[in-house]
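What follows is the content of work-v9.pdb, which has PDB, C-alpha atoms:
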ATOM      1  CA  MET A   1       0.000   0.000   0.000
ATOM      2  CA  ILE A   2       1.203   3.503  -0.677
ATOM      3  CA  ARG A   3       1.924   5.690   2.358
ATOM      4  CA  HIS A   4       2.177   8.964   0.464
ATOM      5  CA  PRO A   5       0.444  10.095  -2.751
ATOM      6  CA  LEU A   6       3.801  11.205  -4.214
ATOM      7  CA  ALA A   7       4.756   7.534  -4.536
ATOM      8  CA  ALA A   8       1.759   7.020  -6.784
ATOM      9  CA  ILE A   9       2.554  10.089  -8.869
ATOM     10  CA  ILE A  10       5.980   8.849  -9.914
ATOM     11  CA  ALA A  11       5.062   5.155 -10.141
ATOM     12  CA  ALA A  12       5.210   3.697 -13.643
ATOM     13  CA  ALA A  13       4.026   0.139 -13.241
ATOM     14  CA  ALA A  14       1.540   0.213 -16.110
ATOM     15  CA  LEU A  15       2.244   0.967 -19.755
ATOM     16  CA  SER A  16      -1.360   1.664 -20.748
ATOM     17  CA  LEU A  17      -3.847   4.127 -19.344
ATOM     18  CA  SER A  18      -7.454   3.916 -18.291
ATOM     19  CA  ALA A  19      -9.158   7.244 -17.689
ATOM     20  CA  SER A  20     -12.267   5.578 -16.253
ATOM     21  CA  ALA A  21     -12.341   4.203 -12.747
ATOM     22  CA  GLN A  22     -13.307   0.632 -11.944
ATOM     23  CA  THR A  23     -16.679   0.529 -10.227
ATOM     24  CA  THR A  24     -18.540  -1.822  -7.989
ATOM     25  CA  ASP A  25     -21.881  -3.376  -8.896
ATOM     26  CA  GLU A  26     -23.630  -0.422  -7.243
ATOM     27  CA  PRO A  27     -21.387   2.608  -7.812
ATOM     28  CA  SER A  28     -22.002   5.621  -5.636
ATOM     29  CA  PRO A  29     -23.511   8.532  -7.550
ATOM     30  CA  VAL A  30     -20.979  11.335  -7.906
ATOM     31  CA  SER A  31     -21.711  14.786  -9.300
ATOM     32  CA  SER A  32     -19.525  17.863  -9.590
ATOM     33  CA  GLY A  33     -19.350  21.463 -10.694
ATOM     34  CA  LEU A  34     -16.590  23.997 -11.340
ATOM     35  CA  ALA A  35     -16.732  27.416  -9.734
ATOM     36  CA  ASP A  36     -15.381  28.825 -13.030
ATOM     37  CA  GLU A  37     -15.213  26.935 -16.323
ATOM     38  CA  GLN A  38     -12.807  29.390 -17.993
ATOM     39  CA  VAL A  39      -9.699  31.237 -16.852
ATOM     40  CA  ASP A  40      -8.867  34.376 -18.837
ATOM     41  CA  VAL A  41      -5.155  35.193 -18.596
ATOM     42  CA  GLN A  42      -4.200  38.865 -18.758
ATOM     43  CA  ILE A  43      -0.762  40.518 -18.703
ATOM     44  CA  ASN A  44      -0.635  40.578 -14.868
ATOM     45  CA  TYR A  45      -1.594  36.904 -14.499
ATOM     46  CA  SER A  46       0.208  35.192 -11.612
ATOM     47  CA  GLY A  47      -1.708  31.926 -11.368
ATOM     48  CA  ALA A  48      -5.288  30.992 -10.588
ATOM     49  CA  GLU A  49      -7.170  28.766  -8.186
ATOM     50  CA  VAL A  50      -9.416  26.134  -9.728
ATOM     51  CA  VAL A  51     -12.284  25.134  -7.422
ATOM     52  CA  LEU A  52     -14.248  21.923  -7.944
ATOM     53  CA  PHE A  53     -17.260  20.972  -5.821
ATOM     54  CA  VAL A  54     -18.061  17.256  -5.607
ATOM     55  CA  SER A  55     -21.163  15.678  -4.133
ATOM     56  CA  SER A  56     -20.806  12.093  -2.952
ATOM     57  CA  PRO A  57     -22.560   9.988  -0.280
ATOM     58  CA  VAL A  58     -20.799   9.340   2.997
ATOM     59  CA  THR A  59     -18.638   6.213   2.888
ATOM     60  CA  ASN A  60     -16.819   4.245   5.592
ATOM     61  CA  GLU A  61     -13.667   5.397   7.388
ATOM     62  CA  THR A  62     -11.466   4.454   4.413
ATOM     63  CA  GLY A  63     -13.641   6.355   1.966
ATOM     64  CA  GLY A  64     -12.508   9.636   0.487
ATOM     65  CA  MET A  65     -11.567  11.532  -2.630
ATOM     66  CA  ALA A  66      -8.562  12.170  -4.830
ATOM     67  CA  ALA A  67      -8.565  14.960  -7.399
ATOM     68  CA  ALA A  68      -6.300  16.122 -10.210
ATOM     69  CA  LEU A  69      -5.972  19.035 -12.632
ATOM     70  CA  ILE A  70      -4.604  17.631 -15.903
ATOM     71  CA  GLY A  71      -3.734  19.060 -19.302
ATOM     72  CA  PRO A  72      -3.300  20.101 -22.016
ATOM     73  CA  ARG A  73      -1.645  17.111 -23.687
ATOM     74  CA  ARG A  74       1.441  17.847 -25.808
ATOM     75  CA  PRO A  75       4.406  15.930 -27.273
ATOM     76  CA  HIS A  76       7.401  16.099 -24.925
ATOM     77  CA  ILE A  77      11.097  15.310 -25.287
ATOM     78  CA  THR A  78      12.995  14.373 -22.136
ATOM     79  CA  GLN A  79      16.785  14.646 -22.178
ATOM     80  CA  GLN A  80      19.378  12.949 -20.029
ATOM     81  CA  THR A  81      23.023  14.008 -20.096
ATOM     82  CA  GLU A  82      24.732  12.218 -17.175
ATOM     83  CA  ALA A  83      25.458   9.145 -19.317
ATOM     84  CA  GLY A  84      25.878  11.104 -22.526
ATOM     85  CA  PRO A  85      23.491  12.938 -24.864
ATOM     86  CA  ARG A  86      20.313  10.874 -24.850
ATOM     87  CA  SER A  87      16.673  11.774 -25.315
ATOM     88  CA  PHE A  88      13.276  10.095 -25.181
ATOM     89  CA  THR A  89      10.202  11.345 -27.032
ATOM     90  CA  PHE A  90       6.721  11.027 -25.573
ATOM     91  CA  MET A  91       3.948  11.180 -28.129
ATOM     92  CA  SER A  92       1.658  12.789 -25.560
ATOM     93  CA  ALA A  93       1.900  13.896 -21.938
ATOM     94  CA  PRO A  94       0.034  16.431 -19.774
ATOM     95  CA  SER A  95       1.667  19.843 -19.622
ATOM     96  CA  VAL A  96       0.211  20.320 -16.127
ATOM     97  CA  PHE A  97      -0.572  17.690 -13.487
ATOM     98  CA  VAL A  98      -1.695  18.841 -10.041
ATOM     99  CA  ILE A  99      -2.887  16.071  -7.718
ATOM    100  CA  GLY A 100      -4.025  15.629  -4.160
ATOM    101  CA  ALA A 101      -5.796  13.018  -2.042
ATOM    102  CA  GLU A 102      -7.389  12.801   1.354
ATOM    103  CA  PRO A 103      -5.089  11.059   3.885
ATOM    104  CA  GLN A 104      -7.245   7.954   4.209
ATOM    105  CA  VAL A 105      -7.174   7.511   0.420
ATOM    106  CA  ALA A 106      -3.383   7.819   0.280
ATOM    107  CA  GLU A 107      -3.029   5.250   3.075
ATOM    108  CA  THR A 108      -5.386   2.590   1.689
ATOM    109  CA  THR A 109      -5.050   2.832  -2.103
ATOM    110  CA  GLU A 110      -2.584   0.859  -4.202
ATOM    111  CA  ALA A 111      -0.630   2.664  -6.916
ATOM    112  CA  GLN A 112      -2.299   0.545  -9.611
ATOM    113  CA  ALA A 113      -5.753   1.740  -8.531
ATOM    114  CA  LEU A 114      -4.665   5.352  -9.036
ATOM    115  CA  ILE A 115      -3.194   4.442 -12.422
ATOM    116  CA  ASP A 116      -6.476   2.816 -13.475
ATOM    117  CA  ALA A 117      -8.355   5.917 -12.318
ATOM    118  CA  GLY A 118      -6.193   8.201 -14.489
ATOM    119  CA  LEU A 119      -4.588   9.843 -11.444
ATOM    120  CA  ASN A 120      -0.960   8.997 -12.126
ATOM    121  CA  ALA A 121       1.340  11.576 -13.706
ATOM    122  CA  ALA A 122       4.033   9.144 -14.840
ATOM    123  CA  THR A 123       1.793   6.712 -16.685
ATOM    124  CA  ALA A 124      -0.083   9.618 -18.254
ATOM    125  CA  ALA A 125       3.014  10.099 -20.444
ATOM    126  CA  VAL A 126       2.345   8.035 -23.578
ATOM    127  CA  PRO A 127       5.422   6.957 -25.592
ATOM    128  CA  ASN A 128       5.575   6.236 -29.284
ATOM    129  CA  GLU A 129       4.323   2.790 -30.227
ATOM    130  CA  GLU A 130       7.813   1.434 -30.816
ATOM    131  CA  ASP A 131       8.846   2.444 -27.281
ATOM    132  CA  LEU A 132       5.951   0.806 -25.402
ATOM    133  CA  ASP A 133       8.191  -2.118 -24.431
ATOM    134  CA  ALA A 134      11.334  -0.071 -23.831
ATOM    135  CA  PRO A 135      13.123  -1.462 -20.736
ATOM    136  CA  ASP A 136      13.902   2.027 -19.456
ATOM    137  CA  LEU A 137      10.429   3.488 -20.053
ATOM    138  CA  ALA A 138       9.741   3.783 -16.304
ATOM    139  CA  THR A 139      13.017   5.691 -15.865
ATOM    140  CA  TRP A 140      12.146   8.146 -18.612
ATOM    141  CA  ARG A 141       8.654   8.651 -17.210
ATOM    142  CA  ALA A 142      10.096   9.395 -13.788
ATOM    143  CA  ALA A 143      12.569  11.828 -15.408
ATOM    144  CA  LEU A 144       9.706  13.640 -17.148
ATOM    145  CA  VAL A 145       7.786  13.970 -13.884
ATOM    146  CA  GLU A 146      10.887  15.308 -12.111
ATOM    147  CA  LEU A 147      11.476  17.834 -14.904
ATOM    148  CA  LYS A 148       7.882  19.042 -14.775
ATOM    149  CA  MET A 149       7.965  19.295 -10.993
ATOM    150  CA  ASN A 150      11.109  21.418 -11.218
ATOM    151  CA  GLN A 151       9.208  23.687 -13.618
ATOM    152  CA  ASP A 152       6.305  23.884 -11.104
ATOM    153  CA  LEU A 153       3.969  22.379 -13.720
ATOM    154  CA  TYR A 154       3.501  19.101 -11.823
ATOM    155  CA  SER A 155       2.801  19.235  -8.108
ATOM    156  CA  LEU A 156       1.479  17.322  -5.144
ATOM    157  CA  ASP A 157      -0.751  19.244  -2.756
ATOM    158  CA  GLU A 158      -2.023  17.231   0.183
ATOM    159  CA  GLY A 159      -4.316  20.012   1.345
ATOM    160  CA  ILE A 160      -6.352  20.630  -1.789
ATOM    161  CA  ILE A 161      -9.427  18.677  -0.623
ATOM    162  CA  GLU A 162     -11.698  19.770   2.199
ATOM    163  CA  ARG A 163     -15.084  18.575   3.368
ATOM    164  CA  VAL A 164     -17.821  21.188   3.405
ATOM    165  CA  ASP A 165     -20.219  18.678   4.992
ATOM    166  CA  ASP A 166     -20.726  14.914   5.044
ATOM    167  CA  ASN A 167     -21.786  14.773   1.396
ATOM    168  CA  LEU A 168     -20.029  17.772  -0.163
ATOM    169  CA  LEU A 169     -16.292  18.060  -0.845
ATOM    170  CA  ARG A 170     -14.307  20.950  -2.290
ATOM    171  CA  ALA A 171     -11.006  20.645  -4.164
ATOM    172  CA  ARG A 172      -8.845  23.751  -4.589
ATOM    173  CA  MET A 173      -6.059  23.350  -7.169
ATOM    174  CA  VAL A 174      -3.579  26.030  -8.178
ATOM    175  CA  LEU A 175      -3.085  26.592 -11.903
ATOM    176  CA  PRO A 176       0.585  27.639 -12.300
ATOM    177  CA  PRO A 177       1.456  31.002 -13.895
ATOM    178  CA  ASN A 178       3.381  29.263 -16.702
ATOM    179  CA  ALA A 179       0.513  26.935 -17.588
ATOM    180  CA  PRO A 180      -0.097  26.801 -21.359
ATOM    181  CA  PRO A 181      -3.479  27.704 -22.855
ATOM    182  CA  GLY A 182      -5.920  24.960 -23.775
ATOM    183  CA  ASP A 183      -8.429  22.548 -22.262
ATOM    184  CA  TYR A 184      -7.768  21.033 -18.848
ATOM    185  CA  LEU A 185      -9.501  18.080 -17.236
ATOM    186  CA  VAL A 186     -10.500  18.452 -13.588
ATOM    187  CA  ARG A 187     -10.968  14.886 -12.389
ATOM    188  CA  ALA A 188     -12.233  13.629  -9.043
ATOM    189  CA  VAL A 189     -12.455   9.988  -8.001
ATOM    190  CA  VAL A 190     -14.131   8.654  -4.859
ATOM    191  CA  PHE A 191     -12.461   5.628  -3.246
ATOM    192  CA  GLU A 192     -13.568   3.106  -0.665
ATOM    193  CA  ASN A 193     -11.421   0.305   0.773
ATOM    194  CA  GLY A 194      -8.691   1.168  -1.729
ATOM    195  CA  ALA A 195     -10.924   0.873  -4.812
ATOM    196  CA  PRO A 196     -12.620   3.582  -6.907
ATOM    197  CA  ILE A 197     -16.394   3.552  -6.582
ATOM    198  CA  GLY A 198     -17.275   6.626  -8.622
ATOM    199  CA  SER A 199     -15.727   9.426 -10.641
ATOM    200  CA  THR A 200     -16.515  12.731 -12.260
ATOM    201  CA  GLU A 201     -14.709  14.968 -14.739
ATOM    202  CA  LYS A 202     -15.105  18.567 -15.874
ATOM    203  CA  VAL A 203     -13.373  20.626 -18.573
ATOM    204  CA  LEU A 204     -11.642  23.911 -17.757
ATOM    205  CA  ASN A 205     -10.499  26.237 -20.544
ATOM    206  CA  LEU A 206      -7.452  28.471 -20.126
ATOM    207  CA  VAL A 207      -7.461  31.396 -22.542
ATOM    208  CA  ARG A 208      -4.701  33.936 -23.019
ATOM    209  CA  SER A 209      -5.857  37.208 -24.534
ATOM    210  CA  GLY A 210      -4.544  40.628 -25.461
ATOM    211  CA  MET A 211      -0.873  41.470 -24.914
ATOM    212  CA  GLU A 212      -0.416  38.333 -22.766
ATOM    213  CA  ALA A 213      -1.365  36.138 -25.736
ATOM    214  CA  THR A 214       1.069  37.980 -28.018
ATOM    215  CA  LEU A 215       3.966  37.718 -25.568
ATOM    216  CA  TYR A 216       3.247  34.049 -24.856
ATOM    217  CA  ASP A 217       3.169  33.204 -28.569
ATOM    218  CA  LEU A 218       6.435  35.044 -29.197
ATOM    219  CA  ALA A 219       8.178  33.438 -26.220
ATOM    220  CA  THR A 220       7.072  29.880 -27.030
ATOM    221  CA  ASN A 221       6.966  29.829 -30.835
ATOM    222  CA  HIS A 222       9.259  32.666 -31.968
ATOM    223  CA  GLY A 223      12.109  32.710 -29.476
ATOM    224  CA  VAL A 224      14.522  34.607 -31.740
ATOM    225  CA  VAL A 225      12.019  37.404 -32.380
ATOM    226  CA  TYR A 226      11.092  37.536 -28.692
ATOM    227  CA  GLY A 227      14.759  37.764 -27.691
ATOM    228  CA  PHE A 228      15.455  40.492 -30.248
ATOM    229  CA  LEU A 229      12.479  42.553 -29.084
ATOM    230  CA  ALA A 230      13.490  42.120 -25.430
ATOM    231  CA  VAL A 231      17.010  43.396 -26.186
ATOM    232  CA  LEU A 232      15.666  46.245 -28.331
ATOM    233  CA  ILE A 233      13.263  47.373 -25.630
ATOM    234  CA  GLY A 234      16.069  47.187 -23.068
ATOM    235  CA  VAL A 235      18.318  49.365 -25.261
ATOM    236  CA  ILE A 236      15.541  51.914 -25.796
ATOM    237  CA  ILE A 237      14.748  52.123 -22.087
ATOM    238  CA  GLY A 238      18.447  52.400 -21.244
ATOM    239  CA  SER A 239      18.939  55.170 -23.796
ATOM    240  CA  ILE A 240      15.980  57.117 -22.448
ATOM    241  CA  ALA A 241      17.284  56.752 -18.884
ATOM    242  CA  ALA A 242      20.775  57.928 -19.931
ATOM    243  CA  TRP A 243      19.309  60.921 -21.792
ATOM    244  CA  ALA A 244      17.164  61.843 -18.785
ATOM    245  CA  GLY A 245      20.208  61.547 -16.528
ATOM    246  CA  ARG A 246      22.208  64.005 -18.612
ATOM    247  CA  ARG A 247      19.438  66.540 -18.337
TER     248      ARG A 247
END
If you took the structure in this file and wrote it as structure tokens, what would it be?
Amino acid sequence: MIRHPLAAIIAAAALSLSASAQTTDEPSPVSSGLADEQVDVQINYSGAEVVLFVSSPVTNETGGMAAALIGPRRPHITQQTEAGPRSFTFMSAPSVFVIGAEPQVAETTEAQALIDAGLNAATAAVPNEEDLDAPDLATWRAALVELKMNQDLYSLDEGIIERVDDNLLRARMVLPPNAPPGDYLVRAVVFENGAPIGSTEKVLNLVRSGMEATLYDLATNHGVVYGFLAVLIGVIIGSIAAWAGRR
């Protein structure tokens, strides 16, 4: 059994994904709603809080919820230089993965159950078909997770879930300032005795607009132009400051 949700985040036991949770014969009804379904990023954007409300019946003492903010999916190349110039290409992996779980869920749930529920960052990285059986796939997945965590795009937050009352839970997840635009999945899974008994998923759209959209596009897709403009603006500002100083 896992003793900490971080162990499940970096686990890579499975090579295939299942976004739907396994259910019992009588799955508990689970419903959810987002406080805001769209985040509009302006020039002063410094991150946002995504709030998901989940309604689920009371379960036993092992019952609880895990939640994740996932997306958008992009191709990723992970590099490793300690043993020489090597790289591994993932056909698709989430750009952002924020996850949290109630303590009783972390203590009673096996890593494989979280993988099957689509709540595992490592196994969410899908390699090219020819690399599905690569012996070092787990190592590369762990390297990708570590890289993303260093960039503050992947994170573990044990305190994101709180109970409003016996049947209503609230998950608060922080969308990082460097999160790319696109559609995000906000997923919540209810567990009991280490097994998922119900799940819900909502779509959140991150939109960059105005000057923020222009700067983001230049920085990510036109690095040379962005660098030239940054230097040019710096020279102009410096020249103006020097001229003002002489006066």
Distance of atom CA of Gly47 of chain A from atom CA of Ser31 of chain A, expressed in Å to one decimal place: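 About the pair atom CA of Ser31 of chain A and atom CA of Gly47 of chain A: they are 26.4 Å apart.
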Pick out the closest residue to Val190 of chain A from this set: A:Ala134, A:Ile77, A:Ile161, A:Leu206. Count all atoms listed in the file.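 Of A:Ala134, A:Ile77, A:Ile161, A:Leu206, the one nearest Val190 of chain A is A:Ile161, counting all atoms listed in the file.
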Protein, DNA and RNA residues within 9 Å of (-8.3, 7.4, -9.7), only C-alpha atoms, as a list in words: Ala19, Ser20, Ala21, Gln22, Met65, Ala66, Ala67, Ala68, Ala113, Leu114, Ile115, Asp116, Ala117, Gly118, Leu119, Asn120, Arg187, Ala188, Val189, Val190, Phe191, Ala195, Pro196 and Ser199 of chain A
Explicit residues for the PyMOL selection byres ((chain A and resi 154) around 6) (as a PyMOL selection string): chain A and resi 96-98+148-149+152-153+155
Which one of A:Gly71, A:Pro57, A:Gly63, A:Gly33 sits closest to Leu185 of chain A if you count all atoms listed in the file?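 Result for the nearest residue to Leu185 of chain A: A:Gly71.
Remark: for Trp140 of chain A, the closest of the candidate residues A:Gly100, A:Gly182, A:Pro127, A:Gly194 is A:Pro127 (distances computed over only C-alpha atoms).
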Here's the selection I'm unsure about, the PyMOL selection byres ((chain A and resi 143) around 10); applied to the file above, which residues does it give, as a ChimeraX atom specification? /A:10,78-80,88,122,137-142,144-149
Draw an axis-aligned box over all listed atoms of segment 124-129 of chain A, pad each side with 5 Å, and write its centre and edge lengths in Å, one decimal, as lines of an AutoDock Vina configuration file.
center_x = 2.7
center_y = 6.4
center_z = -24.2
size_x = 15.7
size_y = 17.3
size_z = 22.0
Could you tell me which residues the PyMOL selection byres ((chain A and resi 49) around 6) returns for this structure, as a list in words? Ala48, Val50, Met173, Val174 and Leu175 of chain A
Can you tell me how far atom CA of Asp166 of chain A sits from atom CA of Val54 of chain A, in Å to one decimal? 11.2 Å
